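Visitor: mmCIF, C-alpha atoms, saved as data.cif, coming up:
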```
data_structure
#
loop_
_atom_site.label_atom_id
_atom_site.label_comp_id
_atom_site.auth_asym_id
_atom_site.auth_seq_id
_atom_site.Cartn_x
_atom_site.Cartn_y
_atom_site.Cartn_z
CA MET A 1 104.71 -8.45 109.23
CA VAL A 2 102.02 -8.73 111.91
CA GLN A 3 99.44 -6.56 113.65
CA CYS A 4 99.20 -6.24 117.43
CA LEU A 5 95.41 -6.53 117.07
CA HIS A 6 95.81 -10.27 116.45
CA CYS A 7 98.37 -10.94 119.21
CA LYS A 8 97.55 -12.65 122.48
CA HIS A 9 99.98 -10.43 124.43
CA GLY A 10 97.88 -7.28 124.00
CA THR A 11 95.17 -5.44 125.89
CA PHE A 12 93.11 -3.30 123.53
CA MET A 13 91.40 0.04 124.07
CA GLN A 14 89.83 2.75 121.94
CA TRP A 15 88.78 6.31 122.74
CA PHE A 16 85.94 7.76 120.66
CA GLN A 17 86.61 6.99 116.96
CA ASN A 18 90.41 7.08 117.31
CA PRO A 19 92.59 4.11 116.29
CA ILE A 20 92.64 1.05 118.53
CA ILE A 21 95.57 1.06 120.96
CA CYS A 22 97.37 -2.05 122.16
CA GLN A 23 98.99 -2.16 125.59
CA CYS A 24 101.66 -4.81 125.06
CA ASP A 25 102.19 -7.15 128.03
CA ILE A 26 105.68 -8.11 126.82
CA PHE A 27 107.20 -4.67 126.13
CA ASN A 28 104.98 -2.67 128.54
CA GLU A 29 104.41 -0.08 125.78
CA ARG A 30 101.44 1.12 123.76
CA PHE A 31 101.22 0.68 120.00
CA VAL A 32 98.59 1.40 117.35
CA ALA A 33 97.01 -2.03 117.10
CA GLU A 34 96.33 -2.12 113.36
CA THR A 35 99.77 -0.93 112.24
CA ARG A 36 101.87 -3.63 110.57
CA ARG A 37 105.19 -4.29 112.29
CA TYR A 38 107.88 -6.90 112.81
CA CYS A 39 107.72 -8.52 116.26
CA ASP A 40 109.62 -11.59 117.45
CA GLU A 41 107.26 -11.97 120.44
CA TYR A 42 104.06 -12.15 118.34
CA GLU A 43 101.73 -15.06 119.10
CA LYS A 44 98.45 -15.27 117.23
CA CYS A 45 95.35 -15.14 119.40
CA SER A 46 92.72 -17.76 118.64
CA THR A 47 89.76 -15.58 119.71
CA LYS A 48 88.35 -12.25 118.62
CA PRO A 49 90.06 -9.38 120.49
CA GLU A 50 88.14 -7.67 123.28
CA ILE A 51 88.33 -3.90 122.87
CA ALA A 52 87.50 -1.60 125.78
CA HIS A 53 85.73 1.53 124.46
CA TYR A 54 85.98 4.86 126.27
CA ASP A 55 84.04 8.08 125.75
CA HIS A 56 86.33 10.35 127.81
CA TYR A 57 90.08 10.70 128.43
#
```
Is it possible to express this structure as structure tokens?

Guide:
Amino acid sequence: MVQCLHCKHGTFMQWFQNPIICQCDIFNERFVAETRRYCDEYEKCSTKPEIAHYDHY
């Protein structure tokens, strides 16, 4: 099982203190980034993820 937070196919964002969201470039869907899941498209990212923080919706 993997986490989207460590995948190179994701764009990460967080509003306030809510969970980090991953916008997946492969599936064009949003997932909770720290949830463990099975994904055949997962590729580990070699750098620390950049998370865009927002203070309004």

Visitor: Given the PyMOL selection byres ((chain A and resi 42) around 9) and the file above, list the residues it selects as a count of residues only.

Guide: 13

Visitor: Can you tell me, as an MDAnalysis selection string, what residues are no more than 6 Å from A:Cys24 when counting all atoms listed in the file, ignoring any on the same chain fewer than 4 positions away?

Guide: chainID A and resid 9:10 28:29

Visitor: Between A:Ile26, A:Met13, A:Ala33, A:Ile20, which one has atoms that come closest to A:Ala52, using only C-alpha atoms?

Guide: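 Closest to A:Ala52, using only C-alpha atoms: A:Met13.
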
Visitor: Between atom CA of A:Gln17 and atom CA of A:Arg36, what is the distance in Å, rounded to a tenth?

Guide: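 Between atom CA of A:Gln17 and atom CA of A:Arg36 the gap is 19.7 Å.
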
Visitor: Have a look at atom CA of A:Cys22 and atom CA of A:Ile51 and let me know their distance in Å, one decimal.

Guide: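 Interatomic distance here is 9.3 Å.
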
Visitor: I'd like to know which of A:Tyr57, A:Glu50, A:Gln14, A:Cys45 is closest to A:Val32, using only C-alpha atoms.

Guide: A:Gln14

Visitor: Rank A:Ser46, A:Leu5, A:His53, A:Trp15 by their smallest atom-to-atom distance to A:Phe31, using all atoms listed in the file, and report the top residue only.

Guide: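 Distance minimum relative to A:Phe31 lands on A:Leu5.
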
Visitor: With all atoms listed in the file as the basis for distance, which of A:Pro19, A:Thr35, A:Phe12, A:Arg30 is at the shortest distance from A:Lys48?

Guide: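 The closest residue to A:Lys48 is A:Phe12.
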